[in-house]
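The structure file coords-v5.cif is reproduced below (mmCIF, C-alpha atoms and all ligand atoms).
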```
data_data
loop_
_atom_site.label_atom_id
_atom_site.label_comp_id
_atom_site.auth_asym_id
_atom_site.auth_seq_id
_atom_site.Cartn_x
_atom_site.Cartn_y
_atom_site.Cartn_z
CA MET A 9 141.90 115.32 87.89
CA PRO A 10 138.90 113.48 86.37
CA ALA A 11 136.92 111.19 88.67
CA ALA A 12 137.83 107.54 89.06
CA ILE A 13 135.12 105.34 87.54
CA LEU A 14 133.33 102.94 89.88
CA ASP A 15 132.97 100.08 87.42
CA GLY A 16 129.69 98.31 88.23
CA LYS A 17 130.23 95.73 85.49
CA ALA A 18 133.57 94.60 86.88
CA LEU A 19 132.33 94.59 90.48
CA ALA A 20 129.21 92.65 89.43
CA SER A 21 131.37 90.11 87.67
CA SER A 22 133.34 89.46 90.87
CA VAL A 23 130.09 89.17 92.89
CA ARG A 24 128.76 86.65 90.33
CA ALA A 25 131.97 84.63 90.60
CA LEU A 26 131.57 84.49 94.40
CA VAL A 27 127.91 83.43 94.05
CA ARG A 28 128.88 80.73 91.52
CA ASP A 29 131.51 79.47 93.92
CA ARG A 30 129.04 79.36 96.83
CA VAL A 31 126.43 77.53 94.76
CA THR A 32 128.99 75.00 93.48
CA LYS A 33 130.33 74.28 96.96
CA ALA A 34 126.93 74.19 98.69
CA GLY A 35 126.09 70.71 97.45
CA ARG A 36 122.41 71.60 97.37
CA PRO A 37 120.43 73.42 94.68
CA ALA A 38 119.74 77.13 94.57
CA ARG A 39 116.65 78.20 92.65
CA LEU A 40 114.78 81.40 91.85
CA ASP A 41 111.01 81.18 91.30
CA ALA A 42 109.75 84.22 89.39
CA VAL A 43 106.13 85.12 88.61
CA LEU A 44 105.44 86.84 85.28
CA VAL A 45 101.92 88.08 84.52
CA GLY A 46 100.96 88.73 80.89
CA ALA A 47 103.32 89.42 78.00
CA ASP A 48 104.80 92.88 78.59
CA PRO A 49 107.75 92.91 76.12
CA ALA A 50 110.20 94.61 78.53
CA ALA A 51 109.30 92.24 81.39
CA GLU A 52 109.56 89.26 79.01
CA LEU A 53 113.05 90.35 77.91
CA TYR A 54 114.08 90.94 81.52
CA ALA A 55 112.81 87.50 82.55
CA GLN A 56 114.75 85.84 79.71
CA SER A 57 117.96 87.64 80.56
CA GLN A 58 117.43 86.82 84.24
CA GLY A 59 117.14 83.13 83.34
CA ARG A 60 120.48 83.32 81.49
CA THR A 61 122.18 85.20 84.35
CA CYS A 62 120.96 82.62 86.88
CA ALA A 63 122.20 79.77 84.66
CA GLU A 64 125.66 81.36 84.49
CA VAL A 65 126.05 81.09 88.27
CA GLY A 66 124.38 77.69 88.60
CA ILE A 67 121.04 78.95 89.95
CA GLU A 68 117.97 77.18 88.55
CA TYR A 69 115.33 79.57 87.23
CA ARG A 70 111.63 78.71 87.19
CA LEU A 71 109.28 81.15 85.52
CA HIS A 72 105.62 80.90 86.58
CA ARG A 73 103.51 82.50 83.86
CA LEU A 74 100.02 83.82 84.54
CA PRO A 75 97.66 85.11 81.84
CA ALA A 76 97.47 88.84 81.08
CA GLY A 77 93.98 89.15 82.51
CA SER A 78 94.93 87.77 85.95
CA GLY A 79 93.54 89.69 88.90
CA PHE A 80 94.82 90.14 92.46
CA GLU A 81 93.30 86.85 93.67
CA GLU A 82 95.06 84.74 91.02
CA ILE A 83 98.41 86.44 91.48
CA ALA A 84 98.15 86.35 95.28
CA GLY A 85 97.13 82.69 95.08
CA ARG A 86 100.29 81.83 93.14
CA VAL A 87 102.52 83.75 95.55
CA LEU A 88 100.93 81.99 98.54
CA LEU A 89 101.43 78.57 96.90
CA LEU A 90 105.12 79.38 96.38
CA ASN A 91 105.37 80.58 100.00
CA GLU A 92 104.05 77.24 101.22
CA ASP A 93 106.28 75.10 99.02
CA ASP A 94 109.35 74.03 101.03
CA ALA A 95 111.33 73.48 97.82
CA VAL A 96 110.91 77.19 96.99
CA ARG A 97 113.37 79.43 98.84
CA ALA A 98 113.58 82.50 96.58
CA ILE A 99 110.59 84.34 95.07
CA MET A 100 110.19 87.47 92.95
CA VAL A 101 107.27 88.97 91.04
CA HIS A 102 108.01 90.70 87.74
CA LEU A 103 106.51 94.13 87.11
CA PRO A 104 104.36 95.53 85.68
CA LEU A 105 101.28 93.80 87.07
CA PRO A 106 97.96 94.29 85.23
CA ALA A 107 96.24 97.66 85.71
CA GLY A 108 94.19 97.70 88.89
CA VAL A 109 96.31 95.14 90.75
CA ASP A 110 97.86 96.69 93.87
CA VAL A 111 101.59 95.97 93.48
CA GLU A 112 102.47 96.70 97.12
CA ARG A 113 99.70 94.38 98.34
CA VAL A 114 101.11 91.56 96.21
CA GLN A 115 104.69 92.28 97.33
CA SER A 116 103.66 92.29 100.98
CA LEU A 117 102.41 88.70 100.57
CA ILE A 118 105.83 87.32 99.59
CA SER A 119 107.25 85.48 102.56
CA PRO A 120 109.98 87.83 103.97
CA GLU A 121 112.61 85.08 104.07
CA LYS A 122 111.94 84.24 100.38
CA ASP A 123 111.60 87.87 99.20
CA VAL A 124 114.87 88.17 97.26
CA GLU A 125 114.10 91.63 95.88
CA GLY A 126 113.54 92.91 99.42
CA VAL A 127 110.22 94.49 98.42
CA ASN A 128 108.08 93.22 101.29
CA PRO A 129 107.69 96.13 103.76
CA ALA A 130 108.66 93.65 106.50
CA ASN A 131 112.12 93.44 104.95
CA ILE A 132 112.44 97.22 104.76
CA GLY A 133 111.44 97.30 108.45
CA ASN A 134 114.12 94.73 109.24
CA VAL A 135 116.67 96.89 107.41
CA VAL A 136 115.69 99.85 109.62
CA TYR A 137 116.15 97.79 112.77
CA GLY A 138 119.45 96.35 111.53
CA ARG A 139 118.06 92.81 111.66
CA ARG A 140 119.29 90.13 109.30
CA SER A 141 117.09 90.40 106.22
CA LEU A 142 117.03 90.46 102.43
CA VAL A 143 117.94 94.03 101.51
CA PRO A 144 116.41 95.68 98.39
CA CYS A 145 118.83 94.92 95.55
CA THR A 146 119.37 98.45 94.20
CA ALA A 147 120.03 99.87 97.68
CA ARG A 148 122.49 97.07 98.38
CA ALA A 149 124.15 97.79 95.01
CA VAL A 150 124.53 101.49 95.84
CA VAL A 151 126.21 100.83 99.18
CA GLU A 152 128.56 98.20 97.69
CA LEU A 153 129.61 100.71 95.02
CA VAL A 154 130.22 103.43 97.62
CA GLU A 155 132.28 100.99 99.71
CA SER A 156 134.30 99.99 96.62
CA SER A 157 135.60 103.59 96.50
CA GLY A 158 137.32 103.02 99.84
CA VAL A 159 135.56 106.02 101.41
CA LYS A 160 134.79 105.50 105.10
CA LEU A 161 131.03 105.79 105.60
CA ALA A 162 131.04 106.30 109.38
CA GLY A 163 130.91 110.07 109.84
CA ALA A 164 130.63 110.79 106.11
CA HIS A 165 128.07 113.36 105.02
CA CYS A 166 125.72 111.57 102.59
CA VAL A 167 122.93 113.11 100.54
CA VAL A 168 120.34 110.92 98.81
CA VAL A 169 118.35 112.72 96.10
CA GLY A 170 115.05 110.83 95.83
CA ALA A 171 113.11 109.00 98.51
CA SER A 172 111.11 106.21 96.86
CA ASN A 173 110.25 103.14 98.91
CA ILE A 174 112.30 100.87 96.69
CA VAL A 175 115.45 102.97 96.14
CA GLY A 176 115.92 106.26 98.00
CA LYS A 177 114.54 105.32 101.43
CA PRO A 178 116.38 101.97 101.77
CA VAL A 179 119.61 103.60 100.53
CA ALA A 180 119.26 106.29 103.22
CA VAL A 181 118.61 103.63 105.87
CA LEU A 182 121.61 101.52 104.84
CA LEU A 183 123.83 104.60 104.97
CA MET A 184 122.45 105.42 108.44
CA ARG A 185 123.25 101.86 109.50
CA ALA A 186 126.82 102.50 108.39
CA GLU A 187 126.79 105.49 110.79
CA ALA A 188 126.93 108.13 108.07
CA THR A 189 125.14 111.47 108.48
CA VAL A 190 122.30 111.26 105.98
CA VAL A 191 120.12 113.86 104.28
CA SER A 192 117.16 112.47 102.32
CA GLY A 193 115.77 114.81 99.65
CA ASN A 194 112.65 114.62 97.54
CA LYS A 195 110.93 116.74 94.89
CA HIS A 196 109.73 119.18 97.59
CA THR A 197 113.17 119.70 99.15
CA ARG A 198 114.29 123.33 99.13
CA ASP A 199 117.62 124.00 97.42
CA MET A 200 118.60 120.40 96.80
CA LYS A 201 121.64 121.66 94.94
CA ALA A 202 123.08 123.47 97.99
CA LEU A 203 122.49 120.39 100.18
CA SER A 204 124.08 118.13 97.57
CA ARG A 205 127.16 120.33 97.34
CA GLN A 206 127.93 119.48 100.99
CA ALA A 207 127.93 115.73 100.35
CA ASP A 208 130.97 113.49 100.67
CA VAL A 209 128.72 110.83 99.11
CA LEU A 210 125.95 111.88 96.72
CA VAL A 211 123.41 109.27 95.62
CA VAL A 212 121.03 110.41 92.88
CA ALA A 213 117.79 108.44 92.42
CA ALA A 214 115.26 111.04 91.30
CA GLY A 215 114.31 109.67 87.89
CA VAL A 216 115.05 113.07 86.30
CA PRO A 217 117.48 112.95 83.36
CA HIS A 218 120.65 115.01 83.87
CA LEU A 219 119.30 116.64 87.04
CA VAL A 220 122.74 116.82 88.63
CA ASP A 221 125.76 118.52 87.10
CA ALA A 222 129.16 119.74 88.34
CA ASP A 223 127.51 122.59 90.29
CA TRP A 224 125.85 120.07 92.62
CA ILE A 225 129.05 118.28 93.52
CA LYS A 226 131.66 118.89 96.22
CA PRO A 227 135.13 118.40 94.71
CA GLY A 228 136.31 114.84 95.31
CA ALA A 229 132.87 113.47 96.31
CA VAL A 230 131.63 109.96 95.54
CA VAL A 231 128.71 110.22 93.10
CA ILE A 232 126.37 107.28 92.55
CA ASP A 233 123.89 107.65 89.69
CA VAL A 234 120.89 105.32 90.04
CA GLY A 235 118.78 106.85 87.25
CA ILE A 236 118.18 105.01 83.99
CA HIS A 237 116.75 106.79 80.95
CA ARG A 238 116.58 105.36 77.46
CA THR A 239 116.10 107.79 74.59
CA PRO A 240 116.28 107.38 70.81
CA GLY A 241 119.75 108.12 69.45
CA PRO A 242 121.12 108.62 65.93
CA GLY A 243 120.49 105.94 63.32
CA GLY A 244 117.79 104.11 65.27
CA THR A 245 120.08 103.48 68.25
CA THR A 246 119.09 103.84 71.89
CA VAL A 247 121.03 106.10 74.24
CA THR A 248 121.08 105.19 77.93
CA SER A 249 121.84 107.93 80.44
CA GLY A 250 121.28 108.67 84.10
CA ASP A 251 120.18 111.40 86.50
CA VAL A 252 123.72 112.83 86.46
CA ASP A 253 125.36 114.75 83.62
CA PHE A 254 128.38 112.45 83.52
CA ALA A 255 130.67 114.67 81.43
CA SER A 256 130.40 117.70 83.70
CA ALA A 257 130.12 115.77 87.00
CA SER A 258 133.15 113.58 86.38
CA ALA A 259 135.36 116.68 86.13
CA VAL A 260 134.59 117.52 89.79
CA ALA A 261 133.76 114.23 91.55
CA GLY A 262 136.43 111.97 93.04
CA PHE A 263 134.58 108.78 92.13
CA ILE A 264 131.56 108.31 89.88
CA THR A 265 129.39 105.51 88.50
CA PRO A 266 128.69 105.50 84.77
CA VAL A 267 125.27 104.82 83.20
CA PRO A 268 125.15 102.24 81.76
CA GLY A 269 127.65 100.06 83.60
CA GLY A 270 127.25 101.31 87.17
CA VAL A 271 124.34 100.58 89.50
CA GLY A 272 122.38 98.51 86.91
CA PRO A 273 124.69 95.47 86.66
CA MET A 274 125.34 95.57 90.41
CA THR A 275 121.58 95.45 91.09
CA VAL A 276 121.35 92.21 89.07
CA ALA A 277 124.35 90.79 90.94
CA MET A 278 122.79 91.72 94.31
CA LEU A 279 119.64 89.80 93.34
CA LEU A 280 121.79 86.71 92.70
CA ARG A 281 123.51 87.20 96.05
CA ASN A 282 120.12 87.49 97.78
CA VAL A 283 119.02 84.25 96.04
CA ALA A 284 122.16 82.52 97.29
CA ASP A 285 121.53 83.93 100.80
CA ALA A 286 117.88 82.77 100.76
CA CYS A 287 118.66 79.27 99.42
CA LEU A 288 121.98 78.50 101.05
CA GLY A 289 121.98 80.67 104.17
CA ARG A 290 124.36 83.48 105.05
P1 LIG B 1 110.35 107.23 91.81
O1 LIG B 1 109.73 108.06 90.72
O2 LIG B 1 109.54 106.21 92.51
O3 LIG B 1 110.89 108.24 92.96
C1 LIG B 1 111.63 109.37 92.62
C2 LIG B 1 111.98 110.13 93.89
O4 LIG B 1 112.78 111.25 93.51
C3 LIG B 1 110.80 110.69 94.67
O5 LIG B 1 111.04 110.59 96.05
C4 LIG B 1 110.74 112.17 94.24
O6 LIG B 1 110.16 113.00 95.24
C5 LIG B 1 112.22 112.45 94.06
N1 LIG B 1 112.51 113.55 93.13
C6 LIG B 1 112.01 113.77 91.90
N2 LIG B 1 112.50 114.90 91.38
C7 LIG B 1 113.35 115.41 92.30
C8 LIG B 1 114.16 116.57 92.37
N3 LIG B 1 114.20 117.44 91.35
N4 LIG B 1 114.91 116.77 93.46
C9 LIG B 1 114.88 115.90 94.51
N5 LIG B 1 114.12 114.79 94.50
C10 LIG B 1 113.37 114.54 93.41
O7 LIG B 1 111.67 106.62 91.18
P2 LIG B 1 112.53 105.33 91.62
O8 LIG B 1 111.77 104.08 91.38
O9 LIG B 1 113.16 105.56 92.95
O10 LIG B 1 113.69 105.39 90.50
C11 LIG B 1 114.55 106.52 90.38
C12 LIG B 1 115.43 106.32 89.16
O11 LIG B 1 116.24 105.17 89.36
C13 LIG B 1 114.67 106.06 87.85
O12 LIG B 1 115.40 106.65 86.79
C14 LIG B 1 114.70 104.55 87.72
O13 LIG B 1 114.61 104.12 86.37
C15 LIG B 1 116.04 104.24 88.30
N6 LIG B 1 116.18 102.89 88.87
C16 LIG B 1 117.33 102.22 88.57
C17 LIG B 1 117.57 100.97 89.10
C18 LIG B 1 118.86 100.26 88.78
O14 LIG B 1 118.97 99.08 89.01
N7 LIG B 1 119.86 100.98 88.25
C19 LIG B 1 116.61 100.38 89.92
C20 LIG B 1 115.45 101.09 90.25
C21 LIG B 1 115.26 102.36 89.71
#
```

What is this structure when it is put down as structure tokens?
Amino acid sequence: MPAAILDGKALASSVRALVRDRVTKAGRPARLDAVLVGADPAAELYAQSQGRTCAEVGIEYRLHRLPAGSGFEEIAGRVLLLNEDDAVRAIMVHLPLPAGVDVERVQSLISPEKDVEGVNPANIGNVVYGRRSLVPCTARAVVELVESSGVKLAGAHCVVVGASNIVGKPVAVLLMRAEATVVSGNKHTRDMKALSRQADVLVVAAGVPHLVDADWIKPGAVVIDVGIHRTPGPGGTTVTSGDVDFASASAVAGFITPVPGGVGPMTVAMLLRNVADACLGR
């Protein structure tokens, strides 16, 4: 039987409806303050679409633009000003930053309780300790999608392919918090395929197109594909695909996320939920 699709678009739409409801009932404003440095076309497009998404759920969006040539001091200065402003409860910094600016140093300056992308290492640390904190949006999206399958995480054997600070590691930690047994793999892991084949839940965040096919998957497993790859398609179109070969994998998996329409829209929805948490409390 082909895998059931974990529909990230539909799930994201219900999360957005809940956020809209919370914002409407809160009786006080929710606002996201985003810093955008320079005029990178992809970041510009993302910022515009983020503004529209915020508006849809009643969150005000303020974009703080800094010139392309800004250095660490200017960017850090803006972040610190936002930290100090009591009217600002939710901050994010768009990437990329200009060459030479240390992204992690900037991210570590964002006040942890206003860090709605969960990129400050303090928030990752809080996730490890199980403290209340703003969880990195993609990791939160992955776990929500796994939970939407109905699979019980406690005792499940989970394999996470990829161990970046922003995706793979926080996903592994969240799964550990749910009392799953977790294997974290990276590009040096020996026989990743054999490890993956043991997984009840397989999360793939390696950034390698079509790395995982049916041979990597235990029949009936939950497969979450975090990868995003855009390649030119026929007639000037763009094809979006993931780290998983969907056609072959979906013949073996029990549940699978598509790309597009899986983790991506849920990541955006989790950012909105983090903004609501930061502005309105949990
Ligand atoms: P990254 O390059 O920072 O990290 C990749 C990780 O995968 C590393 O730990 C590396 O060691 C590991 N890896 C690489 N090849 C491997 C292999 N063959 N076997 C096992 N491990 C391997 O990437 P990232 O920022 O974590 O992003 C991963 C993918 O997820 C990218 O395609 C990215 O575009 C996508 N992404 C999607 C979202 C979303 O919202 N859907 C968000 C962030 C990233």

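The space separating atom CA of Gly193 of chain A from atom CA of Ala11 of chain A comes to 24.1 Å.
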
For atom CA of Ser256 of chain A and atom CA of Asp199 of chain A, the interatomic separation in Å (one decimal):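 Interatomic distance here is 19.8 Å.
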
Please put the answer as lines of an AutoDock Vina configuration file: centre and edge lengths, in Å with one decimal, of a box along x, y and z that encloses all listed atoms of ligand LIG 1 (chain B) plus 5 Å on each side.
```
center_x = 114.7
center_y = 108.3
center_z = 91.2
size_x = 20.3
size_y = 28.4
size_z = 19.7
```

Distance in Å - atom CA of Leu280 of chain A versus atom CA of Leu161 of chain A: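 These two atoms are separated by 24.8 Å.
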
For His72 of chain A: contacts at 7 Å, only C-alpha atoms, fewer than 2 positions along chain excluded, given as a ChimeraX atom specification: /A:42-44,70,74

Close residues, Phe263 of chain A itself excluded, 12 Å, only C-alpha atoms, min 6 positions apart in chain, as a ChimeraX atom specification: /A:9-15,153-159,208-211,225-233,254,257,270

Nearby polymer residues, ligand LIG 1 (chain B), at most 10 Å, only C-alpha atoms and all ligand atoms, as a ChimeraX atom specification: /A:144-147,149-150,168-177,192-201,204,212-217,219-220,233-238,249-251,267-276,278

Protein/DNA/RNA residues near (131.5, 105.2, 112.5), cut 9 Å, all atoms listed in the file, as an MDAnalysis selection string: chainID A and resid 160:164 186:188

Using all atoms listed in the file: which of A:Ala255, A:Leu183, A:Ile99, A:Ile83 has the shortest distance to Asp123 of chain A: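 Looking at the shortest contact to Asp123 of chain A, the residue is A:Ile99.
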
Ref. answer, residues at most 8 Å from (129.2, 80.4, 88.8) with all atoms listed in the file, as a ChimeraX atom specification: /A:24-29,31-32,64-66

All residues 12 Å or closer to Leu288 of chain A, only C-alpha atoms, same chain fewer than 6 positions away omitted, as a PyMOL selection string: chain A and resi 27-39+67+96-98+121-122+280-282

For the selection you just gave me, I'd like the residues written to a file as a compact mmCIF listing (two decimals), in the coordinates of the input, keeping C-alpha atoms.
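Output file out-v8.txt follows:
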```
# COMPACT_ATOMS: atom_id res chain seq x y z
CA VAL A 27 127.91 83.43 94.05
CA ARG A 28 128.88 80.73 91.52
CA ASP A 29 131.51 79.47 93.92
CA ARG A 30 129.04 79.36 96.83
CA VAL A 31 126.43 77.53 94.76
CA THR A 32 128.99 75.00 93.48
CA LYS A 33 130.33 74.28 96.96
CA ALA A 34 126.93 74.19 98.69
CA GLY A 35 126.09 70.71 97.45
CA ARG A 36 122.41 71.60 97.37
CA PRO A 37 120.43 73.42 94.68
CA ALA A 38 119.74 77.13 94.57
CA ARG A 39 116.65 78.20 92.65
CA ILE A 67 121.04 78.95 89.95
CA VAL A 96 110.91 77.19 96.99
CA ARG A 97 113.37 79.43 98.84
CA ALA A 98 113.58 82.50 96.58
CA GLU A 121 112.61 85.08 104.07
CA LYS A 122 111.94 84.24 100.38
CA LEU A 280 121.79 86.71 92.70
CA ARG A 281 123.51 87.20 96.05
CA ASN A 282 120.12 87.49 97.78
```

Nearest residue to Val114 of chain A from the set A:Asn134, A:Gly243, A:Gly85, A:Ser57 (distances using only C-alpha atoms): A:Gly85

Can you put N, CA and C atoms back into segment 248-271 of chain A and show it as a PDB file, in the frame of the given file?
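Okay, this is what ended up in part35.pdb:
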```
ATOM      1  N   THR A 248     121.420 105.367  76.517  1.00  0.00           N
ATOM      2  CA  THR A 248     121.080 105.190  77.930  1.00  0.00           C
ATOM      3  C   THR A 248     121.859 106.205  78.750  1.00  0.00           C
ATOM      4  N   SER A 249     121.143 106.954  79.585  1.00  0.00           N
ATOM      5  CA  SER A 249     121.840 107.930  80.440  1.00  0.00           C
ATOM      6  C   SER A 249     121.180 107.913  81.820  1.00  0.00           C
ATOM      7  N   GLY A 250     121.752 108.706  82.729  1.00  0.00           N
ATOM      8  CA  GLY A 250     121.280 108.670  84.100  1.00  0.00           C
ATOM      9  C   GLY A 250     120.702 109.994  84.575  1.00  0.00           C
ATOM     10  N   ASP A 251     120.652 110.150  85.892  1.00  0.00           N
ATOM     11  CA  ASP A 251     120.180 111.400  86.500  1.00  0.00           C
ATOM     12  C   ASP A 251     121.317 112.421  86.609  1.00  0.00           C
ATOM     13  N   VAL A 252     122.548 111.965  86.321  1.00  0.00           N
ATOM     14  CA  VAL A 252     123.720 112.830  86.460  1.00  0.00           C
ATOM     15  C   VAL A 252     124.296 113.122  85.079  1.00  0.00           C
ATOM     16  N   ASP A 253     124.670 114.384  84.856  1.00  0.00           N
ATOM     17  CA  ASP A 253     125.360 114.750  83.620  1.00  0.00           C
ATOM     18  C   ASP A 253     126.816 114.299  83.779  1.00  0.00           C
ATOM     19  N   PHE A 254     127.100 113.124  83.232  1.00  0.00           N
ATOM     20  CA  PHE A 254     128.380 112.450  83.520  1.00  0.00           C
ATOM     21  C   PHE A 254     129.572 113.311  83.113  1.00  0.00           C
ATOM     22  N   ALA A 255     129.496 113.942  81.942  1.00  0.00           N
ATOM     23  CA  ALA A 255     130.670 114.670  81.430  1.00  0.00           C
ATOM     24  C   ALA A 255     131.059 115.798  82.384  1.00  0.00           C
ATOM     25  N   SER A 256     130.064 116.579  82.822  1.00  0.00           N
ATOM     26  CA  SER A 256     130.400 117.700  83.700  1.00  0.00           C
ATOM     27  C   SER A 256     130.715 117.210  85.116  1.00  0.00           C
ATOM     28  N   ALA A 257     129.937 116.238  85.618  1.00  0.00           N
ATOM     29  CA  ALA A 257     130.120 115.770  87.000  1.00  0.00           C
ATOM     30  C   ALA A 257     131.471 115.095  87.191  1.00  0.00           C
ATOM     31  N   SER A 258     131.919 114.354  86.184  1.00  0.00           N
ATOM     32  CA  SER A 258     133.150 113.580  86.380  1.00  0.00           C
ATOM     33  C   SER A 258     134.387 114.483  86.407  1.00  0.00           C
ATOM     34  N   ALA A 259     134.223 115.747  86.024  1.00  0.00           N
ATOM     35  CA  ALA A 259     135.360 116.680  86.130  1.00  0.00           C
ATOM     36  C   ALA A 259     135.562 117.160  87.559  1.00  0.00           C
ATOM     37  N   VAL A 260     134.521 116.994  88.416  1.00  0.00           N
ATOM     38  CA  VAL A 260     134.590 117.520  89.790  1.00  0.00           C
ATOM     39  C   VAL A 260     134.624 116.395  90.830  1.00  0.00           C
ATOM     40  N   ALA A 261     133.866 115.326  90.574  1.00  0.00           N
ATOM     41  CA  ALA A 261     133.760 114.230  91.550  1.00  0.00           C
ATOM     42  C   ALA A 261     135.110 113.522  91.713  1.00  0.00           C
ATOM     43  N   GLY A 262     135.241 112.810  92.839  1.00  0.00           N
ATOM     44  CA  GLY A 262     136.430 111.970  93.040  1.00  0.00           C
ATOM     45  C   GLY A 262     136.217 110.585  92.454  1.00  0.00           C
ATOM     46  N   PHE A 263     134.973 110.100  92.630  1.00  0.00           N
ATOM     47  CA  PHE A 263     134.580 108.780  92.130  1.00  0.00           C
ATOM     48  C   PHE A 263     133.176 108.920  91.550  1.00  0.00           C
ATOM     49  N   ILE A 264     132.893 108.192  90.479  1.00  0.00           N
ATOM     50  CA  ILE A 264     131.560 108.310  89.880  1.00  0.00           C
ATOM     51  C   ILE A 264     131.179 107.002  89.187  1.00  0.00           C
ATOM     52  N   THR A 265     129.865 106.691  89.235  1.00  0.00           N
ATOM     53  CA  THR A 265     129.390 105.510  88.500  1.00  0.00           C
ATOM     54  C   THR A 265     128.905 105.948  87.117  1.00  0.00           C
ATOM     55  N   PRO A 266     129.218 105.188  86.093  1.00  0.00           N
ATOM     56  CA  PRO A 266     128.690 105.500  84.770  1.00  0.00           C
ATOM     57  C   PRO A 266     127.279 104.925  84.599  1.00  0.00           C
ATOM     58  N   VAL A 267     126.553 105.434  83.617  1.00  0.00           N
ATOM     59  CA  VAL A 267     125.270 104.820  83.200  1.00  0.00           C
ATOM     60  C   VAL A 267     125.323 104.731  81.680  1.00  0.00           C
ATOM     61  N   PRO A 268     125.276 103.542  81.089  1.00  0.00           N
ATOM     62  CA  PRO A 268     125.150 102.240  81.760  1.00  0.00           C
ATOM     63  C   PRO A 268     126.487 101.781  82.355  1.00  0.00           C
ATOM     64  N   GLY A 269     126.406 100.663  83.097  1.00  0.00           N
ATOM     65  CA  GLY A 269     127.650 100.060  83.600  1.00  0.00           C
ATOM     66  C   GLY A 269     127.970 100.401  85.037  1.00  0.00           C
ATOM     67  N   GLY A 270     127.001 100.971  85.770  1.00  0.00           N
ATOM     68  CA  GLY A 270     127.250 101.310  87.170  1.00  0.00           C
ATOM     69  C   GLY A 270     126.326 100.518  88.084  1.00  0.00           C
ATOM     70  N   VAL A 271     125.265 101.198  88.535  1.00  0.00           N
ATOM     71  CA  VAL A 271     124.340 100.580  89.500  1.00  0.00           C
ATOM     72  C   VAL A 271     123.561  99.415  88.862  1.00  0.00           C
TER      73      VAL A 271
END
```
